[in-house]
Each structure stands twice: as C-alpha cells, then as structure tokens.
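Peer 1: mmCIF, C-alpha atoms, saved as model-v6.cif, coming up:
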data_coords
#
loop_
_atom_site.label_atom_id
_atom_site.label_comp_id
_atom_site.auth_asym_id
_atom_site.auth_seq_id
_atom_site.Cartn_x
_atom_site.Cartn_y
_atom_site.Cartn_z
CA MET W 2 10.62 11.50 21.77
CA PRO W 3 12.57 9.91 24.62
CA SER W 4 14.27 6.54 24.54
CA LYS W 5 12.05 3.45 24.11
CA ASP W 6 8.97 5.32 22.97
CA ARG W 7 6.85 3.34 20.55
CA ILE W 8 5.20 4.12 17.22
CA LEU W 9 2.07 2.37 15.98
CA VAL W 10 1.67 2.31 12.19
CA ILE W 11 -1.72 1.47 10.67
CA ASN W 12 -2.17 0.60 6.99
CA SER W 13 -5.89 0.46 6.18
CA GLY W 14 -6.96 -1.32 3.00
CA SER W 15 -10.38 -1.93 1.52
CA SER W 16 -10.84 -5.27 3.33
CA THR W 17 -7.76 -5.50 5.55
CA ILE W 18 -5.88 -3.55 8.19
CA LYS W 19 -2.15 -4.15 8.67
CA PHE W 20 -0.34 -2.72 11.67
CA ARG W 21 3.15 -2.63 13.14
CA ILE W 22 4.70 -1.36 16.33
CA TYR W 23 8.22 0.06 16.39
CA ALA W 24 10.48 1.12 19.23
CA ALA W 25 12.43 4.37 18.86
CA THR W 26 15.71 3.31 20.39
CA GLU W 27 17.42 6.69 20.60
CA SER W 28 16.57 10.38 20.56
CA ALA W 29 18.83 11.18 17.58
CA ALA W 30 17.00 12.08 14.39
CA ASN W 31 18.71 9.33 12.38
CA SER W 32 18.31 6.57 14.97
CA PRO W 33 17.14 3.14 13.80
CA LEU W 34 13.67 1.84 14.58
CA GLU W 35 13.22 -1.62 16.04
CA LEU W 36 10.24 -3.62 14.80
CA ILE W 37 8.78 -5.29 17.87
CA ALA W 38 5.39 -6.53 16.60
CA LYS W 39 3.33 -6.79 13.45
CA GLY W 40 -0.15 -7.99 12.69
CA SER W 41 -3.20 -7.82 10.50
CA VAL W 42 -6.92 -8.32 10.33
CA SER W 43 -8.35 -9.69 7.09
CA LYS W 44 -11.71 -10.50 5.50
CA LEU W 45 -13.41 -7.34 6.73
CA GLY W 46 -17.04 -7.29 5.70
CA SER W 47 -17.45 -11.03 6.23
CA GLY W 48 -19.02 -12.74 9.22
CA SER W 49 -15.69 -13.22 10.99
CA ALA W 50 -12.41 -11.38 10.45
CA PRO W 51 -9.30 -13.07 11.92
CA ILE W 52 -6.68 -11.03 13.77
CA GLU W 53 -3.10 -12.20 14.15
CA VAL W 54 -0.36 -10.42 16.07
CA LYS W 55 3.24 -11.61 15.86
CA ILE W 56 5.27 -10.35 18.79
CA LEU W 57 8.93 -10.36 17.77
CA ALA W 58 10.47 -9.49 21.13
CA ASP W 59 9.69 -9.68 24.84
CA ASP W 60 6.85 -7.21 25.45
CA GLY W 61 7.03 -7.37 29.23
CA ARG W 62 4.34 -10.07 29.38
CA GLY W 63 6.13 -12.87 27.62
CA LYS W 64 8.63 -13.83 24.94
CA ALA W 65 8.18 -13.75 21.17
CA ARG W 66 4.88 -15.38 20.26
CA THR W 67 1.73 -15.13 18.15
CA VAL W 68 -1.59 -13.89 19.53
CA SER W 69 -4.81 -14.62 17.65
CA ASP W 70 -8.33 -13.27 17.96
CA SER W 71 -11.17 -12.29 15.64
CA VAL W 72 -13.71 -9.58 14.86
CA THR W 73 -17.29 -10.79 14.67
CA GLY W 74 -20.57 -9.22 13.67
CA GLU W 75 -20.53 -6.64 10.90
CA THR W 76 -16.69 -6.62 10.85
CA THR W 77 -16.40 -2.99 9.74
CA HIS W 78 -13.13 -1.05 9.84
CA ASP W 79 -14.42 0.68 12.96
CA ASP W 80 -15.09 -2.69 14.63
CA ALA W 81 -11.70 -3.97 13.54
CA ILE W 82 -9.58 -1.13 14.89
CA LYS W 83 -11.45 -1.24 18.21
CA LYS W 84 -10.67 -4.96 18.48
CA ILE W 85 -7.04 -4.42 17.46
CA VAL W 86 -6.59 -1.81 20.20
CA GLU W 87 -8.28 -4.13 22.70
CA VAL W 88 -5.99 -7.03 21.78
CA LEU W 89 -2.85 -4.85 21.88
CA GLU W 90 -3.83 -3.42 25.27
CA ASP W 91 -5.27 -6.43 27.09
CA LYS W 92 -3.35 -9.37 25.64
CA THR W 93 0.08 -7.95 24.87
CA GLY W 94 0.72 -4.62 26.56
CA LEU W 95 2.22 -3.40 23.28
CA LEU W 96 0.41 -0.06 23.40
CA GLU W 97 2.27 0.95 26.56
CA GLY W 98 4.62 3.73 25.57
CA VAL W 99 3.01 4.41 22.18
CA LYS W 100 3.52 8.13 21.66
CA ALA W 101 2.63 8.43 17.98
CA VAL W 102 0.40 6.74 15.41
CA GLY W 103 1.13 6.87 11.69
CA HIS W 104 -1.73 6.28 9.26
CA ARG W 105 -1.23 5.32 5.63
CA VAL W 106 -3.74 7.28 3.54
CA VAL W 107 -3.94 6.64 -0.20
CA HIS W 108 -5.03 10.03 -1.52
CA GLY W 109 -4.07 13.53 -0.40
CA GLY W 110 -5.45 15.23 -3.49
CA THR W 111 -4.02 18.64 -4.32
CA LYS W 112 -4.59 19.87 -0.76
CA PHE W 113 -2.11 17.68 1.12
CA ARG W 114 1.38 17.56 -0.35
CA SER W 115 3.08 16.54 2.91
CA PRO W 116 2.19 14.55 6.05
CA LEU W 117 -0.78 15.86 8.03
CA HIS W 118 -1.10 16.20 11.82
CA LEU W 119 -4.45 14.56 12.51
CA THR W 120 -6.96 16.16 14.84
CA LYS W 121 -10.76 16.16 14.98
CA GLU W 122 -10.63 19.41 12.98
CA SER W 123 -8.25 18.20 10.24
CA LEU W 124 -10.17 14.93 9.96
CA SER W 125 -13.01 16.76 8.21
CA ASP W 126 -10.57 17.92 5.52
CA LEU W 127 -9.41 14.34 5.09
CA GLU W 128 -12.97 13.06 4.89
CA ALA W 129 -13.67 15.46 2.03
CA LEU W 130 -11.16 13.51 -0.10
CA SER W 131 -12.94 10.16 0.23
CA ALA W 132 -14.39 10.39 -3.29
CA LEU W 133 -10.87 10.43 -4.75
CA ALA W 134 -10.16 6.90 -3.50
CA PRO W 135 -13.49 5.51 -2.26
CA LEU W 136 -12.21 2.01 -1.49
CA HIS W 137 -9.35 3.24 0.70
CA ASN W 138 -9.70 6.83 1.92
CA HIS W 139 -13.09 6.25 3.55
CA ALA W 140 -11.69 3.26 5.42
CA SER W 141 -8.77 5.38 6.62
CA VAL W 142 -11.14 8.08 7.89
CA LEU W 143 -13.08 5.52 9.93
CA VAL W 144 -9.89 4.15 11.45
CA VAL W 145 -8.42 7.59 12.18
CA ARG W 146 -11.62 8.77 13.87
CA THR W 147 -11.64 5.73 16.15
CA CYS W 148 -7.93 6.04 16.94
CA LEU W 149 -8.38 9.69 17.93
CA GLU W 150 -11.02 8.53 20.41
CA LEU W 151 -9.21 5.46 21.75
CA LEU W 152 -5.67 6.89 21.77
CA PRO W 153 -6.24 10.58 22.58
CA ASP W 154 -2.76 11.16 24.03
CA ALA W 155 -0.89 9.84 21.00
CA ILE W 156 0.26 12.18 18.22
CA GLN W 157 -1.42 11.01 15.02
CA ILE W 158 -0.05 11.71 11.54
CA ALA W 159 -1.36 10.84 8.08
CA VAL W 160 1.17 9.90 5.40
CA PHE W 161 -0.20 10.07 1.87
CA ASP W 162 0.70 7.80 -1.05
CA THR W 163 0.42 10.79 -3.35
CA CYS W 164 3.03 12.91 -1.54
CA PHE W 165 5.98 11.30 -3.30
CA HIS W 166 4.52 12.26 -6.69
CA ARG W 167 3.80 15.89 -5.83
CA THR W 168 6.57 17.04 -8.19
CA LEU W 169 5.08 15.43 -11.30
CA PRO W 170 5.52 17.92 -14.16
CA GLU W 171 2.42 19.59 -15.56
CA LYS W 172 2.77 17.74 -18.85
CA ALA W 173 2.51 14.44 -16.96
CA TYR W 174 -0.45 15.20 -14.71
CA THR W 175 -2.64 17.18 -17.12
CA TYR W 176 -5.41 15.47 -19.08
CA PRO W 177 -6.09 16.56 -22.68
CA LEU W 178 -9.51 17.90 -21.68
CA PRO W 179 -10.85 21.49 -21.45
CA TYR W 180 -8.12 23.14 -19.39
CA GLU W 181 -10.26 25.54 -17.33
CA ALA W 182 -12.68 22.77 -16.37
CA CYS W 183 -9.80 20.56 -15.18
CA VAL W 184 -8.31 23.36 -13.08
CA GLU W 185 -11.66 24.28 -11.54
CA SER W 186 -12.62 20.68 -10.70
CA GLY W 187 -9.16 19.47 -9.68
CA LEU W 188 -9.22 16.80 -12.37
CA ARG W 189 -5.65 15.55 -12.90
CA ARG W 190 -3.44 12.50 -12.68
CA PHE W 191 -1.92 11.47 -9.38
CA GLY W 192 0.79 8.95 -8.52
CA PHE W 193 0.22 6.19 -5.99
CA HIS W 194 2.19 3.74 -3.83
CA GLY W 195 4.74 6.50 -3.40
CA THR W 196 5.44 5.64 0.24
CA SER W 197 7.50 2.62 -0.75
CA ILE W 198 7.95 3.60 -4.43
CA GLU W 199 6.04 0.54 -5.70
CA GLY W 200 4.87 2.06 -8.94
CA ARG W 201 2.64 4.62 -10.52
CA THR W 202 -0.88 4.51 -11.97
CA PRO W 203 -3.18 7.33 -13.06
CA ALA W 204 -6.43 8.18 -11.32
CA VAL W 205 -9.10 10.80 -11.70
CA LYS W 206 -11.24 12.74 -9.32
CA SER W 207 -14.73 11.28 -9.11
CA ALA W 208 -17.54 13.16 -10.79
CA PRO W 209 -20.95 13.61 -9.11
CA LYS W 210 -22.53 10.16 -9.14
CA GLY W 211 -25.68 9.12 -10.91
CA PRO W 212 -26.95 5.51 -11.15
CA GLN W 213 -24.92 4.78 -14.30
CA ILE W 214 -21.68 6.16 -12.87
CA THR W 215 -22.18 4.31 -9.59
CA LYS W 216 -22.72 1.02 -11.44
CA ALA W 217 -19.69 1.60 -13.65
CA GLU W 218 -17.58 2.41 -10.60
CA ASP W 219 -18.73 -0.78 -8.88
CA ILE W 220 -17.79 -2.83 -11.95
CA LEU W 221 -14.38 -1.18 -12.20
CA ASN W 222 -13.65 -1.60 -8.48
CA HIS W 223 -15.01 -5.10 -7.90
CA GLU W 224 -15.50 -6.96 -11.17
CA SER W 225 -12.60 -5.90 -13.37
CA GLY W 226 -8.90 -6.61 -13.78
CA LEU W 227 -7.90 -10.27 -13.50
CA ARG W 228 -11.29 -11.11 -11.99
CA GLY W 229 -13.09 -9.63 -14.96
CA VAL W 230 -11.18 -11.81 -17.42
CA CYS W 231 -10.96 -15.14 -15.60
CA GLY W 232 -13.12 -14.85 -12.47
CA GLU W 233 -10.26 -14.75 -9.96
CA SER W 234 -8.22 -11.81 -8.65
CA ASP W 235 -5.49 -13.63 -6.69
CA VAL W 236 -2.47 -13.95 -8.99
CA GLN W 237 -1.28 -17.22 -7.47
CA LYS W 238 -4.70 -18.77 -8.02
CA VAL W 239 -4.71 -17.50 -11.60
CA LEU W 240 -1.28 -19.06 -12.13
CA ASP W 241 -2.60 -22.36 -10.78
CA MET W 242 -5.64 -22.16 -13.07
CA ALA W 243 -3.38 -21.57 -16.07
CA ALA W 244 -1.24 -24.57 -15.15
CA LYS W 245 -3.85 -27.09 -13.96
CA GLU W 246 -7.28 -26.25 -15.36
CA GLN W 247 -8.59 -27.38 -18.72
CA GLY W 248 -10.60 -25.80 -21.52
CA GLU W 249 -12.01 -22.29 -21.26
CA LYS W 250 -10.98 -21.78 -17.62
CA GLN W 251 -7.35 -22.42 -18.51
CA GLN W 252 -7.58 -20.31 -21.65
CA ARG W 253 -9.03 -17.33 -19.81
CA ALA W 254 -6.48 -17.63 -17.00
CA LYS W 255 -3.66 -17.56 -19.54
CA LEU W 256 -5.28 -14.58 -21.28
CA ALA W 257 -5.54 -12.71 -17.97
CA LEU W 258 -1.85 -13.30 -17.24
CA ASP W 259 -0.84 -12.34 -20.77
CA MET W 260 -2.81 -9.09 -20.48
CA PHE W 261 -1.34 -8.38 -17.05
CA CYS W 262 2.26 -8.79 -18.22
CA TYR W 263 1.59 -6.94 -21.47
CA ARG W 264 0.38 -3.87 -19.59
CA ILE W 265 3.43 -3.93 -17.31
CA GLN W 266 5.71 -4.14 -20.33
CA LYS W 267 3.96 -1.17 -21.94
CA TYR W 268 4.41 0.98 -18.83
CA VAL W 269 8.05 -0.03 -18.36
CA GLY W 270 8.74 0.77 -22.01
CA ALA W 271 6.95 4.12 -21.80
CA TYR W 272 8.81 5.24 -18.68
CA PHE W 273 12.09 3.91 -20.00
CA ALA W 274 11.64 6.38 -22.84
CA VAL W 275 10.43 9.24 -20.63
CA LEU W 276 13.39 8.78 -18.26
CA ASN W 277 15.79 8.40 -21.16
CA GLY W 278 16.91 5.03 -19.86
CA ALA W 279 17.06 3.35 -16.48
CA ASP W 280 19.68 1.88 -14.17
CA ALA W 281 17.45 -0.76 -12.61
CA LEU W 282 14.05 -2.42 -12.72
CA VAL W 283 12.60 -3.29 -9.31
CA PHE W 284 9.89 -5.86 -8.55
CA THR W 285 8.13 -5.38 -5.23
CA GLY W 286 4.76 -5.74 -3.52
CA GLY W 287 2.88 -9.01 -3.16
CA ILE W 288 3.08 -9.99 -6.83
CA GLY W 289 6.52 -8.59 -7.56
CA GLU W 290 8.05 -10.31 -4.53
CA ASN W 291 6.37 -13.70 -4.83
CA ALA W 292 5.37 -14.48 -8.42
CA TRP W 293 8.59 -15.45 -10.16
CA GLU W 294 6.65 -16.41 -13.28
CA ILE W 295 5.35 -12.84 -13.69
CA ARG W 296 8.87 -11.45 -13.30
CA GLN W 297 10.13 -13.88 -15.92
CA TRP W 298 7.41 -13.18 -18.49
CA VAL W 299 7.65 -9.41 -18.05
CA CYS W 300 11.42 -9.34 -18.47
CA ASP W 301 11.43 -11.79 -21.38
CA GLY W 302 9.51 -9.17 -23.35
CA LEU W 303 11.89 -6.34 -22.50
CA SER W 304 15.14 -7.68 -23.97
CA CYS W 305 15.22 -4.79 -26.45
CA LEU W 306 15.82 -2.47 -23.47
CA GLY W 307 18.74 -4.53 -22.18
CA ILE W 308 16.62 -6.18 -19.49
CA ALA W 309 17.06 -9.89 -18.72
CA VAL W 310 16.87 -12.15 -15.68
CA ASP W 311 18.79 -15.23 -14.65
CA HIS W 312 16.17 -18.00 -14.55
CA GLY W 313 17.69 -19.81 -11.59
CA LYS W 314 18.20 -16.66 -9.50
CA ASN W 315 14.72 -15.47 -10.36
CA GLN W 316 12.99 -18.68 -9.26
CA ALA W 317 15.03 -18.81 -6.05
CA ALA W 318 14.64 -15.13 -5.13
CA LYS W 319 13.02 -14.40 -1.78
CA ALA W 320 12.54 -10.79 -0.78
CA GLY W 321 14.07 -10.03 2.62
CA ASP W 322 15.86 -7.27 4.46
CA GLU W 323 18.25 -6.72 1.54
CA PRO W 324 17.52 -6.37 -2.20
CA VAL W 325 17.99 -9.57 -4.24
CA GLU W 326 19.52 -9.14 -7.68
CA ILE W 327 18.20 -11.46 -10.40
CA SER W 328 19.83 -9.83 -13.44
CA GLY W 329 20.82 -12.04 -16.34
CA LYS W 330 24.39 -12.24 -17.57
CA GLY W 331 25.28 -9.26 -19.71
CA ALA W 332 22.06 -7.37 -18.94
CA LYS W 333 22.46 -3.62 -19.32
CA VAL W 334 19.71 -2.87 -16.79
CA ARG W 335 19.97 -4.49 -13.36
CA VAL W 336 16.87 -6.27 -12.03
CA PHE W 337 16.04 -6.58 -8.33
CA VAL W 338 13.42 -8.09 -6.04
CA VAL W 339 12.87 -5.79 -3.07
CA ALA W 340 10.54 -6.29 -0.12
CA THR W 341 8.07 -3.43 0.15
CA ASP W 342 7.95 -1.76 3.55
CA GLU W 343 5.29 0.94 3.61
CA GLU W 344 4.90 0.66 7.36
CA GLY W 345 8.62 1.06 8.00
CA GLU W 346 8.79 4.16 5.80
CA ILE W 347 5.73 5.62 7.51
CA ALA W 348 7.33 5.03 10.91
CA LYS W 349 10.48 6.89 9.80
CA ILE W 350 8.42 9.82 8.51
CA VAL W 351 6.34 9.95 11.68
CA ILE W 352 9.28 9.94 14.08
CA THR W 353 11.02 12.62 12.02
CA LYS W 354 7.93 14.85 12.04
CA VAL W 355 7.37 14.35 15.76
CA ARG W 356 10.97 15.21 16.56
CA GLU W 357 10.66 18.30 14.38
CA GLY W 358 7.70 19.38 16.50
CA MET W 359 5.01 18.95 13.83
CA HIS W 360 2.34 18.38 16.47
CA LYS W 361 2.95 21.67 18.31
#
Before we go any further, please render this structure as structure tokens.
Peer 2:
Amino acid sequence: MPSKDRILVINSGSSTIKFRIYAATESAANSPLELIAKGSVSKLGSGSAPIEVKILADDGRGKARTVSDSVTGETTHDDAIKKIVEVLEDKTGLLEGVKAVGHRVVHGGTKFRSPLHLTKESLSDLEALSALAPLHNHASVLVVRTCLELLPDAIQIAVFDTCFHRTLPEKAYTYPLPYEACVESGLRRFGFHGTSIEGRTPAVKSAPKGPQITKAEDILNHESGLRGVCGESDVQKVLDMAAKEQGEKQQRAKLALDMFCYRIQKYVGAYFAVLNGADALVFTGGIGENAWEIRQWVCDGLSCLGIAVDHGKNQAAKAGDEPVEISGKGAKVRVFVVATDEEGEIAKIVITKVREGMHK
C-alpha cells in the first residue's frame, strides 16, 4: 500500500455500527497508523438511528469537526451502512484513498482460524456461521455484502474475535458430552473478544431450532443478564438505581450488581488457578473503563490473590492512550485500566495482510 492510503474499519454490533478511518503513513510493515476519523450509528431497529462522524484532522474539505446525520425508516444494518458510505463520500471526502476495509466478525467457528479475504464467494461461507452468533454474525454479513457492492475496488478482510483463542487446549474447549456427537456437530467452547483481549466467555453452536428453543434463545439474548434481574441492562443506570431508588427497585439493582461482580470474581479466581498465578489484572471495555465502582467491588473480593486497588487512583482513572495503573500499595498483582481498541487492532491486522499480499 503506498503512502497516505486509508483503511476503513467497521465494527458491526447487534444494534450499532462503529467505524474508523486510518491513514497508512508509510509503506514499511511496522509503520504507525494515524486515526483521522471515527464515528458510529446507534439505535438500529428504531424509527431513527443517529449517525455521528468526528473528523480529527483536515480531510481536504475542512478542519477537524463533527458531522451528524441519521438513518430513517426501517433502520436496518443494510440501511445504516449505505447511509454511512453516503455521508463519508458526500459530506467529508473521507473515503477518497480507502484501499482496504476491515470488518470485525464475532465468530469464525472452526473453519476460520485466521483473517479472511472477503469476496462474494467467501461471503457464503461466512453466512453459514450466522447461527453461531445470531445477534452479531448476521449483522456482519449484511454489512459486508453491502460494502462489497458499494466499495468494489477496496480489499475487504474479516477479522474474527475467535482467532485469538484458536490455540485453546482440548481440555478447555471440550464439553463433557458424548465425544463423537460433539466432534460431528462442531459443538465446543470458543473464546471471544480476542481482538483486543477483553476477556473470554464460553459459547455453543446452535442446535436446530424449534419453538421452545427459539423462545429460550430470545429470552437469553434479550431478557436476561442485568435486565433479567432488575429490568435495566445499562450498568451506569443500574448503579444509579442502586444508589437512588427505593424499595424493591433498589434491592433488585443491588442484587444485579452483586451477581455481576460475583461472576467476575469466580472467573478471575478460576483462571488465576489455571494460569498458576497472574502478573496483572486488566479492566477494559465500556464497563471496565468507566465503572470505577465495579472495579472496586470486584477487587475487594480478590484480596486472597494479592489483588487490591488504590481507592483514589481507581476513582480518578480515565482510560486513554496509555494504561492507567490503579494497584493498591503492596498488591502482589498489578491492576490496570486500559482503553479497548478493537478497531485499531483490526486496522493493524488488515494493513499487514494487505502488504503480505493476502488479496492476491
């Protein structure tokens, strides 16, 4: 890729699409990438989905600024990506020079253990994995299909969350179920959020769906977790409910938070044992970066592992370009708050693959 070529990174969620544009400043394989714009569209599936683009440098049509627009109508992922491309082309000129597009895809199954060069032919293979992560993979397929149509000259690459965890040992990914049936069906554990190493949770391949399974899946996907316990899924709102509400609402909010922290503590303890110790505990992602109360409560229950945080540093911590250490005095395990950057990691992977000639 020659100097000043641009990379568009698209991170498709169940009801949002985040995107960033980077400039490849040099042709060397280890050259830095300059973030020149970032944006998102939210509330997909509602009557109106707002789009916001923050331009961080002069794009040839003006200085740093924010451009806003919206998707109306059905506000599907297909509608949203079409509008995003329209805004980036007509209002900013940011798509000029875009030579590659990186797509974050949640699940690669057992078939894709490394990034995939996306074409109309390979898209069918990707679509076949939608059942593994129905809330995310299907959305990614819709976005990829539209991008292949709207940006036909750009090299497009899928980066899978599951790739990082491809080396899980058999004892970790195997379920204690009839072995032959698991092998034949592909039923196994996978790791997720590997692109930015946010964490790891198990998942299973979906079975053929009947009415009962479909209903159970809908409950698990849309009515469970924090929402199932207290009626709200946003952690900050749950924290506010626990602090300001009265009666049963407050009680259930506190229960939801207690359960949330308890499960984190169980996983940290389990992996502390599996890894035979740890050098550091990292909080990242929306909750890990912004909810100091969660960090405090989690670490307060892990003192037996040598984990502790400084209360003042923890409350003041703001994730930025550099890790922020919040370890308590004398703690044996260091504790950090680190800003997640899936898009940045995807951009690095994409430029490396393009320079290696993956698309040829």
Peer 1: Written as a CSV table (one decimal) with C-alpha atoms, in the coordinates of the input, what is the full residue list that the PyMOL selection byres ((chain W and resi 103) around 6) yields on the file shown?
Peer 2:
chain,number,residue,atom,x,y,z
W,10,VAL,CA,1.7,2.3,12.2
W,102,VAL,CA,0.4,6.7,15.4
W,104,HIS,CA,-1.7,6.3,9.3
W,157,GLN,CA,-1.4,11.0,15.0
W,158,ILE,CA,0.0,11.7,11.5
W,159,ALA,CA,-1.4,10.8,8.1
Peer 1: Of the candidates W:Glu357, W:Asp241, W:Glu75, W:Asp322, which shows the shortest atom-to-atom distance to W:Thr341, using only C-alpha atoms?
Peer 2: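 Closest residue, counting only C-alpha atoms: W:Asp322.
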Peer 1: Using the chain letters and numbers from this file, what does the PyMOL selection byres ((chain W and resi 226-235) around 6) select? Give the answer as a PDB file with C-alpha atoms, in the frame of the given file.
Peer 2:
ATOM      1  CA  GLU W 224     -15.500  -6.960 -11.170  1.00  0.00           C
ATOM      2  CA  SER W 225     -12.600  -5.900 -13.370  1.00  0.00           C
ATOM      3  CA  VAL W 236      -2.470 -13.950  -8.990  1.00  0.00           C
ATOM      4  CA  GLN W 237      -1.280 -17.220  -7.470  1.00  0.00           C
ATOM      5  CA  LYS W 238      -4.700 -18.770  -8.020  1.00  0.00           C
ATOM      6  CA  ARG W 253      -9.030 -17.330 -19.810  1.00  0.00           C
ATOM      7  CA  ALA W 254      -6.480 -17.630 -17.000  1.00  0.00           C
ATOM      8  CA  ALA W 257      -5.540 -12.710 -17.970  1.00  0.00           C
TER       9      ALA W 257
END
Peer 1: Skipping near chain neighbours, those fewer than 6 positions away, what residues fall within 7 Å of stretch 285-289 of chain W using only C-alpha atoms, listed as a list in words?
Peer 2: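 Here the qualifying residues turn out to be Glu199, Arg296, Val338, Val339, Ala340 and Thr341 of chain W.
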Peer 1: Using the chain letters and residue numbers of this document, give as a PDB file with C-alpha atoms, keeping the file's coordinate frame the residues selected by the PyMOL selection byres ((chain W and resi 107) around 9).
Peer 2:
ATOM      1  CA  ARG W 105      -1.230   5.320   5.630  1.00  0.00           C
ATOM      2  CA  VAL W 106      -3.740   7.280   3.540  1.00  0.00           C
ATOM      3  CA  HIS W 108      -5.030  10.030  -1.520  1.00  0.00           C
ATOM      4  CA  GLY W 109      -4.070  13.530  -0.400  1.00  0.00           C
ATOM      5  CA  ALA W 134     -10.160   6.900  -3.500  1.00  0.00           C
ATOM      6  CA  HIS W 137      -9.350   3.240   0.700  1.00  0.00           C
ATOM      7  CA  ASN W 138      -9.700   6.830   1.920  1.00  0.00           C
ATOM      8  CA  SER W 141      -8.770   5.380   6.620  1.00  0.00           C
ATOM      9  CA  VAL W 160       1.170   9.900   5.400  1.00  0.00           C
ATOM     10  CA  PHE W 161      -0.200  10.070   1.870  1.00  0.00           C
ATOM     11  CA  ASP W 162       0.700   7.800  -1.050  1.00  0.00           C
ATOM     12  CA  THR W 163       0.420  10.790  -3.350  1.00  0.00           C
ATOM     13  CA  PHE W 193       0.220   6.190  -5.990  1.00  0.00           C
ATOM     14  CA  HIS W 194       2.190   3.740  -3.830  1.00  0.00           C
TER      15      HIS W 194
END
Peer 1: Between W:Leu117, W:Ile85, W:Cys164, W:Val355, which has the minimum distance to W:Val144 (counting only C-alpha atoms)?
Peer 2: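 Among the listed residues, the smallest separation from W:Val144 belongs to W:Ile85.
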Peer 1: Need to verify the contact set: W:Thr120, 12 Å, all atoms listed in the file, exclusion of same-chain residues closer than 4 positions in sequence. Can you return it as a list of chain:residue names?
Peer 2: W:Val102, W:Leu124, W:Ser125, W:Asp126, W:Leu127, W:Val142, W:Val145, W:Arg146, W:Thr147, W:Cys148, W:Leu149, W:Glu150, W:Leu152, W:Pro153, W:Asp154, W:Ala155, W:Ile156, W:Gln157, W:Ile158, W:Ala159, W:His360, W:Lys361
Peer 1: Just checking: using all atoms listed in the file, which residue out of W:Leu96, W:Val334, W:Ala81, W:Ala101 ends up closest to W:Ala38?
Peer 2: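 The answer is W:Leu96, which sits nearest to W:Ala38.
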Peer 1: Which of these residues is nearest to W:Val184, using all atoms listed in the file: W:Gly345, W:Arg7, W:Pro116, W:Thr111?
Peer 2: W:Thr111
